[in-house]
Amino acid sequence: MNICVVGCGYVGLVVGTCLADLGNNVINVDTDKEKIQKLNKGISPIYETGLRDMIERNLEEKRISFTTDIREGIQKSDVIFIAVGTPKKDNNSQDLSQVRAVAKEIAKYMNGYKVIVNKSTVPVGTADEIKKIIKENQKIPHDFDVVSNPEFLREGDAIRDFSSPDRIVIGTENERSKAIMEALYKGITRTGKPILFTNTKTAELIKYASNAMLATRISFMNLLAPFCEKTGADIKLVAKGIGLDTRIGPRFLQAGIGFGGSCFPKDVNSLIWMLERQGCTAEILRSVVDVNEVQKRALIPKIKKLVPNLKEKYIAIWGLSFKPKTDDMRDAPSIVIINELQKLGAKIKAFDPEAIENAKKILKNVEFCDTPYNAAKGCEAVVLVTEWNVFRDLDLLKVKKLMNRPNIIDGRNIYEHEDMKKLGFNYICVGR
Ligand code: NAD
């Protein structure tokens, strides 16, 4: 199929590249000239496992091209994916200006029947709005359909998640577009992956409901974590104990320093906004957000317990991205923790395997280091914020020798109390 994907960010680039890899002809469009220049040289503007090789391969085999020319993308394609940003507005609703702008461009340039697929996460009812915008802005009337096809990929595992998803959700309003979408995903559904067809509004809501459910599980465990600390229960074993119940399952039950990233906080808040606008209650979700806000700051008293006076003291931060295996710093808990520590007078040294370039654009007065060892050197405490695998296999005796004091605050519970005690560390984690 001939496909245009508008937006070359974390979602658009993965979707475009994976669809090209399945044998389609893909034109990936973005307004960011620098991004497009890089991509045409085979350089990925984001860090995502396996993406660079896949881009290079599909460029070489001429199945994918990158351009700022949206007209070319629209006119040469049968299916147009919208995968632009939908950031949070101050009132917690979503800013749809990028989506609306693309819809107007599609209306302006379309030259025949097109299926317009919304990949961006958008409020319930947006497919109808896009339809209206296109109808109102078409120069020459052409038939088209708007489909909702929310994306569930996780950054860090995005290629695997897109190529081998738990399910594909497609909201359509007629058989014509449904058949096209079914054919488009044949390469994936062939391997037994289920496809769920709904109407557009249901598909839009499934995306929010999924993220809100996952965020709820995290906040639920973070709600229990301080109680565990007070009573002597162990949150890791509580997670294991409830996760073994097949009705509950083991995933997204890790207590820690709360959820961040470009999706969970935005989508939960947006769902609250949508529910309340319809006069429905959003109490559970309000609590999910409140617990998360508290949890982002929960490490500060723990750090102060080991380093009571932080003024002019060096503190090492291990891990900056909002989760491992990505360079994405959007809404990362590390930002809150570093800002709080700086307010208390601490000097920050930080290491992250991939996110330093993005972190430099956000964090001020931080000494960025090239290894976890260099970050720990001369510090009063190490604070583990993002559980990159590199931190699991470190020479911790070497770390201890480099530090001023052997204090580790583990925000992700990746080490064990007993091991750290044997190594001679003062060790505090979450909920244990
Ligand atoms: P992003 O900010 O990384 O990428 C958006 C891209 O769109 C940018 O490169 C931007 O330059 C481009 N763009 C904006 N306006 C444009 C226009 N008019 N024409 C062409 N390009 C334009 O965003 P993202 O993380 O890829 O997210 C995109 C959407 O997917 C959001 O709605 C998000 O909520 C949703 N989503 C994200 C994830 C994720 O893990 N990041 C997962 C599932 C869904």
# chains A, B, ... in the order shown; residues from 1 in each chain; ligands from 1
>>> residues_around(residues="Glu129 in chain A", least_positions_apart="6", cutoff="12 Å", atoms="only C-alpha atoms", output="PyMOL selection string")
chain A and resi 96+99-100+103-104+118+122-123+135-136+146-148+200-201
>>> write_last_selection(atoms="C-alpha atoms", output="CSV table (one decimal), in the first residue's frame")
chain,number,residue,atom,x,y,z
A,96,LEU,CA,-5.3,19.4,19.2
A,99,VAL,CA,-4.0,17.4,14.6
A,100,ARG,CA,-6.3,20.1,13.3
A,103,ALA,CA,-6.5,17.8,8.9
A,104,LYS,CA,-6.6,21.1,7.0
A,118,ASN,CA,-5.7,8.9,13.7
A,122,VAL,CA,-7.1,12.2,20.9
A,123,PRO,CA,-10.2,12.8,23.0
A,135,LYS,CA,-15.3,18.5,4.7
A,136,GLU,CA,-15.2,22.2,5.5
A,146,VAL,CA,-11.6,8.9,9.2
A,147,VAL,CA,-10.4,5.9,11.3
A,148,SER,CA,-9.2,5.8,14.8
A,200,THR,CA,-14.3,5.5,16.4
A,201,LYS,CA,-15.4,6.8,19.8
>>> closest_atom_pairs(of="chain A", to="ligand 1", cutoff="7 Å", atoms="only C-alpha atoms and all ligand atoms", output="JSON lines")
{"residue": "A:Val6", "atom": "CA", "partner": "ligand 1", "partner_atom_place_in_ligand_line": "20 (C)", "distance": 5.0}
{"residue": "A:Gly7", "atom": "CA", "partner": "ligand 1", "partner_atom_place_in_ligand_line": "7 (O)", "distance": 3.6}
{"residue": "A:Cys8", "atom": "CA", "partner": "ligand 1", "partner_atom_place_in_ligand_line": "9 (O)", "distance": 4.5}
{"residue": "A:Gly9", "atom": "CA", "partner": "ligand 1", "partner_atom_place_in_ligand_line": "4 (O)", "distance": 3.2}
{"residue": "A:Tyr10", "atom": "CA", "partner": "ligand 1", "partner_atom_place_in_ligand_line": "26 (O)", "distance": 3.7}
{"residue": "A:Val11", "atom": "CA", "partner": "ligand 1", "partner_atom_place_in_ligand_line": "26 (O)", "distance": 3.7}
{"residue": "A:Gly12", "atom": "CA", "partner": "ligand 1", "partner_atom_place_in_ligand_line": "26 (O)", "distance": 5.5}
{"residue": "A:Val29", "atom": "CA", "partner": "ligand 1", "partner_atom_place_in_ligand_line": "20 (C)", "distance": 5.5}
{"residue": "A:Asp30", "atom": "CA", "partner": "ligand 1", "partner_atom_place_in_ligand_line": "21 (N)", "distance": 3.5}
{"residue": "A:Thr31", "atom": "CA", "partner": "ligand 1", "partner_atom_place_in_ligand_line": "20 (C)", "distance": 4.5}
{"residue": "A:Asp32", "atom": "CA", "partner": "ligand 1", "partner_atom_place_in_ligand_line": "11 (O)", "distance": 4.9}
{"residue": "A:Ala83", "atom": "CA", "partner": "ligand 1", "partner_atom_place_in_ligand_line": "28 (C)", "distance": 5.0}
{"residue": "A:Val84", "atom": "CA", "partner": "ligand 1", "partner_atom_place_in_ligand_line": "7 (O)", "distance": 3.7}
{"residue": "A:Gly85", "atom": "CA", "partner": "ligand 1", "partner_atom_place_in_ligand_line": "28 (C)", "distance": 4.2}
{"residue": "A:Thr86", "atom": "CA", "partner": "ligand 1", "partner_atom_place_in_ligand_line": "32 (O)", "distance": 4.3}
{"residue": "A:Gln98", "atom": "CA", "partner": "ligand 1", "partner_atom_place_in_ligand_line": "15 (N)", "distance": 4.7}
{"residue": "A:Ala101", "atom": "CA", "partner": "ligand 1", "partner_atom_place_in_ligand_line": "18 (N)", "distance": 5.5}
{"residue": "A:Val102", "atom": "CA", "partner": "ligand 1", "partner_atom_place_in_ligand_line": "18 (N)", "distance": 4.9}
{"residue": "A:Lys119", "atom": "CA", "partner": "ligand 1", "partner_atom_place_in_ligand_line": "30 (O)", "distance": 6.1}
{"residue": "A:Ser120", "atom": "CA", "partner": "ligand 1", "partner_atom_place_in_ligand_line": "32 (O)", "distance": 3.5}
{"residue": "A:Thr121", "atom": "CA", "partner": "ligand 1", "partner_atom_place_in_ligand_line": "32 (O)", "distance": 3.9}
{"residue": "A:Val122", "atom": "CA", "partner": "ligand 1", "partner_atom_place_in_ligand_line": "32 (O)", "distance": 6.3}
{"residue": "A:Pro150", "atom": "CA", "partner": "ligand 1", "partner_atom_place_in_ligand_line": "44 (C)", "distance": 6.7}
{"residue": "A:Glu151", "atom": "CA", "partner": "ligand 1", "partner_atom_place_in_ligand_line": "43 (C)", "distance": 4.6}
{"residue": "A:Phe152", "atom": "CA", "partner": "ligand 1", "partner_atom_place_in_ligand_line": "43 (C)", "distance": 5.0}
{"residue": "A:Leu153", "atom": "CA", "partner": "ligand 1", "partner_atom_place_in_ligand_line": "42 (C)", "distance": 5.3}
{"residue": "A:Arg154", "atom": "CA", "partner": "ligand 1", "partner_atom_place_in_ligand_line": "40 (O)", "distance": 5.1}
{"residue": "A:Glu155", "atom": "CA", "partner": "ligand 1", "partner_atom_place_in_ligand_line": "40 (O)", "distance": 4.8}
{"residue": "A:Ser262", "atom": "CA", "partner": "ligand 1", "partner_atom_place_in_ligand_line": "41 (N)", "distance": 6.0}
{"residue": "A:Cys263", "atom": "CA", "partner": "ligand 1", "partner_atom_place_in_ligand_line": "34 (O)", "distance": 5.4}
>>> residues_around(residues="Leu271 in chain A", least_positions_apart="5", cutoff="9 Å", atoms="only C-alpha atoms", output="PyMOL selection string")
chain A and resi 92-93+123+205+208-209+212+266+276+282+285
>>> select_by_dssp(residues="range 14-127 of chain A", states="alpha helix (DSSP H)", output="PyMOL selection string")
chain A and resi 14-21+33-40+51-60+70-75+97-109+126-127
>>> residues_around(residues="Val5 in chain A", least_positions_apart="4", cutoff="12 Å", atoms="only C-alpha atoms", output="MDAnalysis selection string")
chainID A and resid 9 11:20 24:30 64:70 72:74 76:84 102 106 115:120
>>> closest_residue(among="A:Lys114, A:Lys131, A:Arg247, A:Arg190", to="Asp143 in chain A", atoms="only C-alpha atoms")
A:Lys114
>>> residues_around(residues="Val385 in chain A", least_positions_apart="2", cutoff="6 Å", atoms="only C-alpha atoms", output="list in words")
Trp318, Gly319 and Gly411 of chain A
>>> closest_residue(among="A:Val390, A:Ser44, A:Lys343, A:Lys361", to="Lys325 in chain A", atoms="only C-alpha atoms")
A:Val390
>>> decode(residues="range 251-262 of chain A", atoms="all heavy atoms", output="CSV table (one decimal), in the first residue's frame")
chain,number,residue,atom,x,y,z
A,251,ARG,N,2.2,-7.6,36.0
A,251,ARG,CA,2.8,-6.4,35.4
A,251,ARG,C,2.3,-5.1,35.9
A,251,ARG,O,1.1,-5.0,36.4
A,251,ARG,CB,2.7,-6.5,33.9
A,251,ARG,CG,3.5,-7.7,33.4
A,251,ARG,CD,3.3,-7.9,32.0
A,251,ARG,NE,4.0,-7.0,31.2
A,251,ARG,CZ,3.8,-6.8,29.9
A,251,ARG,NH1,2.9,-7.6,29.3
A,251,ARG,NH2,4.4,-5.9,29.2
A,252,PHE,N,3.1,-4.0,35.9
A,252,PHE,CA,2.7,-2.7,36.3
A,252,PHE,C,2.3,-2.6,37.8
A,252,PHE,O,1.4,-2.0,38.2
A,252,PHE,CB,1.6,-2.1,35.4
A,252,PHE,CG,2.2,-1.5,34.1
A,252,PHE,CD1,2.5,-2.4,33.1
A,252,PHE,CD2,2.5,-0.2,34.0
A,252,PHE,CE1,3.1,-1.9,31.9
A,252,PHE,CE2,3.1,0.3,32.9
A,252,PHE,CZ,3.4,-0.5,31.8
A,253,LEU,N,3.1,-3.4,38.6
A,253,LEU,CA,2.8,-3.4,40.0
A,253,LEU,C,4.1,-3.0,40.8
A,253,LEU,O,4.2,-3.3,42.0
A,253,LEU,CB,2.4,-4.8,40.5
A,253,LEU,CG,1.0,-5.3,40.0
A,253,LEU,CD1,0.8,-6.8,40.5
A,253,LEU,CD2,-0.1,-4.4,40.5
A,254,GLN,N,5.0,-2.3,40.1
A,254,GLN,CA,6.3,-1.9,40.8
A,254,GLN,C,6.1,-0.6,41.5
A,254,GLN,O,5.8,0.4,40.8
A,254,GLN,CB,7.4,-1.8,39.8
A,254,GLN,CG,8.0,-3.1,39.4
A,254,GLN,CD,7.2,-3.8,38.3
A,254,GLN,OE1,6.5,-3.2,37.5
A,254,GLN,NE2,7.2,-5.1,38.3
A,255,ALA,N,6.3,-0.6,42.8
A,255,ALA,CA,6.3,0.7,43.5
A,255,ALA,C,7.6,1.4,43.2
A,255,ALA,O,8.6,0.7,42.9
A,255,ALA,CB,6.2,0.4,45.0
A,256,GLY,N,7.7,2.7,43.2
A,256,GLY,CA,8.9,3.4,42.9
A,256,GLY,C,8.7,4.9,43.1
A,256,GLY,O,8.1,5.3,44.1
A,257,ILE,N,9.1,5.6,42.1
A,257,ILE,CA,9.0,7.1,42.2
A,257,ILE,C,7.9,7.6,41.3
A,257,ILE,O,7.9,8.8,41.0
A,257,ILE,CB,10.3,7.8,42.0
A,257,ILE,CG1,10.9,7.3,40.7
A,257,ILE,CG2,11.2,7.6,43.2
A,257,ILE,CD1,12.2,8.0,40.4
A,258,GLY,N,7.0,6.8,40.9
A,258,GLY,CA,5.8,7.3,40.2
A,258,GLY,C,6.0,7.2,38.7
A,258,GLY,O,7.1,7.0,38.2
A,259,PHE,N,4.9,7.4,38.0
A,259,PHE,CA,5.0,7.4,36.5
A,259,PHE,C,5.3,8.7,35.9
A,259,PHE,O,4.9,9.8,36.5
A,259,PHE,CB,3.7,6.7,35.9
A,259,PHE,CG,2.5,7.4,36.3
A,259,PHE,CD1,2.0,8.6,35.7
A,259,PHE,CD2,1.6,6.8,37.3
A,259,PHE,CE1,0.8,9.2,36.1
A,259,PHE,CE2,0.4,7.4,37.7
A,259,PHE,CZ,0.0,8.6,37.1
A,260,GLY,N,5.9,8.8,34.8
A,260,GLY,CA,6.2,10.0,34.1
A,260,GLY,C,6.0,9.8,32.6
A,260,GLY,O,5.2,8.9,32.2
A,261,GLY,N,6.7,10.5,31.8
A,261,GLY,CA,6.7,10.3,30.3
A,261,GLY,C,5.7,11.2,29.7
A,261,GLY,O,4.9,11.9,30.3
A,262,SER,N,5.6,11.1,28.4
A,262,SER,CA,4.7,12.0,27.6
A,262,SER,C,3.3,11.5,27.5
A,262,SER,O,2.4,12.2,27.0
A,262,SER,CB,5.3,12.1,26.2
A,262,SER,OG,5.1,10.8,25.5
